[in-house]
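Shown next, in structure tokens, is the structure this report addresses.
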There are 2 protein chains.
Amino acid sequence: MNIIINPSKSKWDSLTQRPYTENNSVVDSVKEIFKNVQKNGDKSLIDYTLKFDNVKIDKLKVSENLINDSDDKISSNLKKAIDLAYNNIYKFHSSQLQKKNIIEVQKGINCWQEKRPINNVGLYIPGGSAPLFSTVLMLGIPSLIANCSNRILCTPPNFKNEIAPEILYACKVCGIHNIFKVGGAQAIAAMTFGTESIPKIDKIFGPGNQYVTEAKKYSMNYGLSIDMPAGPSELLVLADDSANPKYVASDLLSQAEHGIDSQVILVSNSKALIDEVSKEIKIQKKDLSRKEIITKSLENSKSILFDSIDDSIDFINEYAPEHYIINTSNEEYCISKLSNAGSVFIGNFTPESAGDYASGTNHTLPTNGYAKQYSGVNTDSFLKTISFQKISKSGLISISNAIETMALSEGLDAHKQAVSIRINEN
Amino acid sequence: MNIIINPSKSKWDSLTQRPYTENNSVVDSVKEIFKNVQKNGDKSLIDYTLKFDNVKIDKLKVSENLINDSDDKISSNLKKAIDLAYNNIYKFHSSQLQKKNIIEVQKGINCWQEKRPINNVGLYIPGGSAPLFSTVLMLGIPSLIANCSNRILCTPPNFKNEIAPEILYACKVCGIHNIFKVGGAQAIAAMTFGTESIPKIDKIFGPGNQYVTEAKKYSMNYGLSIDMPAGPSELLVLADDSANPKYVASDLLSQAEHGIDSQVILVSNSKALIDEVSKEIKIQKKDLSRKEIITKSLENSKSILFDSIDDSIDFINEYAPEHYIINTSNEEYCISKLSNAGSVFIGNFTPESAGDYASGTNHTLPTNGYAKQYSGVNTDSFLKTISFQKISKSGLISISNAIETMALSEGLDAHKQAVSIRINEN
């Protein structure tokens with residue numbers, strides 16, 4: 001990791017850049033895939049799966065039997081782990097539901113908001129070397145709590161033409177029964193238009209490679225919405241001499257193993273800590289199975305020394321990290337000054353991997369600086385807010401002059417008339 | 001208005017279509033404008049304003065004096081109206097703020113969410129025949145309550161090279177001091193990239209014509225977010241024989257006057273009511289100043305008779321109206337079955353124009369069926385949710401097996417190590 005000392009503000013712009021680069025050929029492929037899926041439906045999904053995943057599927061939908069039998073195919077220790085994670089995620093995400101709160105704005109004028117489920121949601125789970133069943137929990141549980149009536153899940157088959165039993169078991173505990181064996185931009189296109197097997201949905205959730213990310217963005221042209229734009233995962237650790245360099249190194253390594261485009265940043269006021277962490281990274285890396293990925297992603301990564309804590313905090317707000325570990329003696333101060341982050345981990349015993357799996361918080365979070373304006377996935381992501389109002393005749397009379405005056409000033413006399421006709425009649 | 005009787009479900013798709021059509025030339029113009037503004041900054045904004053608004057501006061920023069003097073340029077009755085609306089909108093939107101709620105998920109594992117302001121927000125107010133100062137309140141008040149630190153507002157100058165004093169007064173009461181005299185796609189591009197005068201922002205709010213709408217969508221390619229995709233305004237009224245046909249007609253007319261692409265729909269179980277409303281529309285229309293616009297937008301509009309209330313409700317959920325008036329004797333039932341709407345107005349004395357101006361709810365709402373998955377603007381629109389967690393050593397031990405097992409099953413052993421190293425050390 002590069003060490004940068006007290007960088008001036010003029011350098012922050014380049015220091016907060018992510019390693020990600022856009023690829024125009026991805027956009028073109030996605031457009032082509034959307035066109036084909038819109039026209040040819042299921043057939044095109046089967047063709048693309050052969051082409052991209054090297055697997056010939058005949059049925060897209062996973063049978064209910066396979067979902068039910070998933071219990072028998074995973075270890076009881078893993079089942080116990082998933083069940084514990086489920087309970088914690090369920091508890092935290094159900095605490096996010098809000099009660100209706102009727103406000104009598106003026107006498108006779110009652111206004112309130114109610115949250116109702118987004119009924120048709122699509123959950124995307126990427127393939128890859130290992131099955132990401134934890135993301136099934138992170139999307140499946142809040143959509144269950146929100147009570148979305150139609151939930152479908154798309155994920156590519158592995159090389160044996162199967163969906164891993166870990167994923168099926170996670171779907172089962174979340175009550176997801178509509179699982180489709182298709183991945184990539186073609187899965188996103190299928191959820192956008194609907195096919196013979198896959199229903200059209202209204203909002204798409206979940207991570208993916210750059211094709212999936214681009215496809216999610218492209219689906220918005222057809223009236224869908226998405227959880228958030230996605231980019232490679234990232235972690236920023238703020239640590240001072242009160243932090244244990246072994247723990248800090250282990251957190252940086254856990255983030256760096258995600259992929260070669262992951263980014264980890266250490267911010268500290270202690271050169272000694274930065275040096276210790278650097279040594280620890282070398283020691284701990286040796287035994288890790290993904291050390292080649294780690295070595296590459298550490299090339300994108302930096303240690304930054306700021307003498308001033310306020311400069312550190314300003315820089316971190318400008319960076320807007322997806323994951324942010326605060327491991328300092330003045331944690332309360334750092335929390336109070338925080339503007340932008342996806343998920344925050346506080347103290348020596350709160351590793352990022354706790355939140356990735358089992359503490360209860362969600363791990364689907366804004367990357368690439370989007371924490372400035374996007375929230376991570378939570379129960380609200382599966383709900384929309386509807387406003388309601390009910391006004392009595394006397395309530396309407398009390399605001400009638402205001403409405404009529406404003407409507408006329410905006411040149412909208414039919415708006416005025418809708419009030420006048422009600423209050424002038426006996 | 002066309003009358004349609006008990007349409008079968010196969011016809012609902014076409015009945016829920018909006019009159020809107022996409023225009024490719026708009027997309028091309030927007031791309032060109034973005035390129036130019038990115039390259040030439042303020043100069044291009046001045047050029048476009050001359051070209052599109054026929055006005056030669058020299059300074060983009062409105063002076064503080066003009067904002068301060070706006071009081072003297074509008075009637076005291078209008079000021080009183082704006083002040084009343086301000087108070088009601090402020091009261092309802094501040095009731096939407098939520099307290100932090102720390103959840104002890106398991107002993108020693110504390111998780112919570114906090115909402116923090118989106119700091120850099122841009123508010124867009126369209127020009128046109130009359131100044132839309134009410135929208136200033138609808139965006140200015142929740143952004144004030146959310147405590148967004150940098151708020152800017154863009155709106156095109158009128159033919160006299162001025163911003164209407166009504167708009168400046170509304171900005172003043174909302175505490176908005178950075179007002180820029182520029183409209184259209186060029187204003188959106190300016191907020192996307194920043195120029196010499198206009199700061200770059202993170203999220204754009206507000207309505208506009210199809211150029212502005214397309215530009216907002218396009219700004220997302222450069223990392224911005226937007227309140228919601230926008231389309232022409234619309235109203236659906238559900239009414240039975242308990243409704244007053246005069247009132248229903250006045251509501252339909254108030255919506256129809258917005259523009260020739262507005263859409264109004266009446267759903268009822270009573271042919272008598274539909275006929276009465278139809279008669280009333282003709283009578284009330286006569287004296288309205290925008291009757292030509294109304295005549296055209298009524299061509300896009302329909303009365304639909306359903307014998308069954310459940311069919312009515314299913315159809316309305318499929319349509320997902322921006323504004324929805326429930327004027328029936330069984331309003332509780334209709335509310336309980338509602339899935340999709342932007343803002344709901346209940347009973348005989350709750351005209352849509354109350355919510356447009358002064359009852360306290362927001363009038364920036366999802367159109368074009370987007371109420372299925374988008375909320376209208378509210379205080380939350382100017383905030384993002386950050387999750388926090390703090391775990392004790394014993395808390396971490398209690399979930400360590402779950403994290404370690406899940407991490408290994410996903411092939412991520414550095415994630416496991418971040419836990420092991422903490423709990424195995426003495």
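Ligands are numbered from 1 in the order shown, residues from 1 within each chain, and chains are lettered A, B, ... in the order they appear in the structure tokens.
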Can you pull out the residues contacting Leu273 of chain A? Cut-off 9 Å, using only C-alpha atoms, and skip same-chain residues under 2 positions away; I want them as a count of residues only. 14
Taking a cut-off of 6 Å and counting only C-alpha atoms, can you build a table that, for each residue of chain B near chain A, reports the nearest atom pair and how far apart they are in Å (one decimal), sorted by chain then residue number, as a tab-separated table?
```
residue	atom	partner	partner_atom	distance
B:Ala81	CA	A:Ala402	CA	4.1
B:Asn88	CA	A:Val105	CA	5.9
B:Val105	CA	A:Asn88	CA	5.9
B:Ile118	CA	A:Gln373	CA	5.4
B:Ala130	CA	A:Glu410	CA	5.1
B:Pro131	CA	A:Glu410	CA	5.9
B:Ser250	CA	A:Ala418	CA	4.8
B:Asp251	CA	A:Ala418	CA	5.7
B:Ser254	CA	A:Ala414	CA	4.5
B:Gly342	CA	A:Ile386	CA	5.5
B:Ser343	CA	A:Ser387	CA	4.7
B:Val344	CA	A:Phe388	CA	4.6
B:Phe345	CA	A:Gln389	CA	5.2
B:Ile346	CA	A:Lys390	CA	5.0
B:Phe349	CA	A:Lys393	CA	5.5
B:Thr350	CA	A:Ile391	CA	5.2
B:Ser353	CA	A:His415	CA	5.5
B:Tyr357	CA	A:Ile403	CA	5.8
B:Gln373	CA	A:Ile118	CA	5.4
B:Tyr374	CA	A:Lys384	CA	5.7
B:Ser375	CA	A:Thr385	CA	4.9
B:Lys384	CA	A:Ser375	CA	4.9
B:Thr385	CA	A:Ser375	CA	4.9
B:Ile386	CA	A:Gly342	CA	5.5
B:Ser387	CA	A:Ser343	CA	4.7
B:Phe388	CA	A:Val344	CA	4.6
B:Gln389	CA	A:Phe345	CA	5.2
B:Lys390	CA	A:Ile346	CA	5.0
B:Ile391	CA	A:Thr350	CA	5.1
B:Ser392	CA	A:Phe349	CA	5.8
B:Lys393	CA	A:Phe349	CA	5.5
B:Ala402	CA	A:Ala81	CA	4.1
B:Ile403	CA	A:Tyr357	CA	5.8
B:Glu410	CA	A:Ala130	CA	5.1
B:Gly411	CA	A:Ala130	CA	5.9
B:Ala414	CA	A:Ser254	CA	4.5
B:His415	CA	A:Ser254	CA	4.6
B:Ala418	CA	A:Ser250	CA	4.8
```
Go ahead and compute the interatomic distance for atom CA of Arg151 of chain A and atom CA of Lys39 of chain A, in Å to one decimal. 23.8 Å
List every residue of segment 16-221 of chain A that DSSP, applied to the backbone of this structure, places in helix (DSSP H, G or I), and write the result as a count of residues only. 103
How far is it from atom CA of Tyr124 of chain B to atom CA of Cys154 of chain B, in Å with one decimal?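 Between these atoms lies a distance of 5.1 Å.
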Per residue of segment 128-243 of chain A within 10 Å of segment 301-309 of chain A, what are the shortest atom pair and its distance in Å to one decimal, counting only C-alpha atoms, with rows by chain and residue number, as CSV?
```
residue,atom,partner,partner_atom,distance
A:Glu234,CA,A:Ser301,CA,9.7
A:Leu235,CA,A:Ser301,CA,9.8
A:Leu236,CA,A:Ser303,CA,9.7
A:Val237,CA,A:Ser303,CA,9.4
A:Leu238,CA,A:Ile304,CA,9.6
A:Asp240,CA,A:Ile309,CA,9.9
```
Can you write just those residues out, N, CA, C and O atoms, as an mmCIF file, in the first residue's frame?
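What follows is the written file result16.cif:
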```
data_model
loop_
_atom_site.group_PDB
_atom_site.id
_atom_site.type_symbol
_atom_site.label_atom_id
_atom_site.label_comp_id
_atom_site.auth_asym_id
_atom_site.auth_seq_id
_atom_site.Cartn_x
_atom_site.Cartn_y
_atom_site.Cartn_z
ATOM 1 N N GLU A 234 -15.553 -1.676 -1.332
ATOM 2 C CA GLU A 234 -14.472 -0.842 -0.782
ATOM 3 C C GLU A 234 -14.618 -0.679 0.725
ATOM 4 O O GLU A 234 -15.712 -0.787 1.281
ATOM 5 N N LEU A 235 -13.482 -0.448 1.374
ATOM 6 C CA LEU A 235 -13.448 -0.266 2.834
ATOM 7 C C LEU A 235 -12.482 0.855 3.165
ATOM 8 O O LEU A 235 -11.380 0.912 2.604
ATOM 9 N N LEU A 236 -12.888 1.717 4.070
ATOM 10 C CA LEU A 236 -11.963 2.707 4.619
ATOM 11 C C LEU A 236 -11.902 2.501 6.130
ATOM 12 O O LEU A 236 -12.946 2.395 6.790
ATOM 13 N N VAL A 237 -10.695 2.390 6.651
ATOM 14 C CA VAL A 237 -10.511 2.257 8.104
ATOM 15 C C VAL A 237 -9.865 3.530 8.622
ATOM 16 O O VAL A 237 -8.837 3.977 8.093
ATOM 17 N N LEU A 238 -10.492 4.119 9.644
ATOM 18 C CA LEU A 238 -9.870 5.238 10.366
ATOM 19 C C LEU A 238 -9.377 4.677 11.694
ATOM 20 O O LEU A 238 -10.167 4.136 12.476
ATOM 21 N N ASP A 240 -6.376 5.033 15.050
ATOM 22 C CA ASP A 240 -5.278 5.725 15.725
ATOM 23 C C ASP A 240 -4.510 4.720 16.585
ATOM 24 O O ASP A 240 -4.689 3.502 16.435
#
```
Step one, run DSSP on the backbone; step two, keep only residues of segment 96-251 of chain B assigned to strand (DSSP E); then write them as a short mmCIF file (atom, residue, chain, number, x, y, z; two decimals) with C-alpha atoms, in the first residue's frame.
```cif
data_model
loop_
_atom_site.label_atom_id
_atom_site.label_comp_id
_atom_site.auth_asym_id
_atom_site.auth_seq_id
_atom_site.Cartn_x
_atom_site.Cartn_y
_atom_site.Cartn_z
CA ILE B 103 -31.47 -2.37 18.50
CA GLU B 104 -29.56 -4.84 20.64
CA VAL B 105 -29.80 -7.66 18.11
CA GLN B 106 -28.06 -10.07 20.49
CA ILE B 109 -24.38 -6.45 19.31
CA ASN B 110 -25.91 -3.02 18.84
CA CYS B 111 -27.16 -1.93 15.41
CA TRP B 112 -28.95 1.24 14.39
CA GLN B 113 -29.71 3.51 11.46
CA GLU B 114 -29.23 7.26 11.30
CA LYS B 115 -30.43 9.62 8.62
CA ARG B 116 -28.03 12.31 7.51
CA PRO B 117 -28.66 15.07 4.95
CA ASN B 120 -25.45 19.08 -2.17
CA VAL B 121 -28.90 19.32 -3.68
CA GLY B 122 -30.19 21.16 -6.73
CA LEU B 123 -33.79 22.28 -7.04
CA TYR B 124 -35.22 22.94 -10.50
CA ASN B 150 -25.68 23.35 0.04
CA ARG B 151 -28.96 24.03 -1.70
CA ILE B 152 -29.08 25.72 -5.07
CA LEU B 153 -32.07 26.56 -7.23
CA CYS B 154 -32.15 26.98 -11.01
CA THR B 155 -35.04 28.54 -12.89
CA ASN B 178 -28.12 30.51 -4.26
CA ILE B 179 -30.54 31.12 -7.11
CA PHE B 180 -29.40 30.88 -10.71
CA LYS B 181 -31.18 32.36 -13.72
CA LYS B 203 -29.08 15.03 -6.34
CA ILE B 204 -31.52 16.95 -8.54
CA PHE B 205 -35.17 17.57 -7.69
CA SER B 225 -29.27 10.85 -8.49
CA ILE B 226 -32.71 12.32 -9.10
CA GLU B 234 -52.59 12.90 -13.88
CA LEU B 235 -55.61 12.38 -11.63
CA LEU B 236 -57.89 9.42 -11.07
CA VAL B 237 -61.17 9.91 -9.22
CA LEU B 238 -63.07 6.97 -7.76
CA ALA B 239 -66.61 8.11 -7.02
#
```
Exercise: Lys296 of chain A partners within 9 Å, only C-alpha atoms, chain neighbours under 4 positions left out, as a PyMOL selection string: chain A and resi 256+259-261+291-292+300
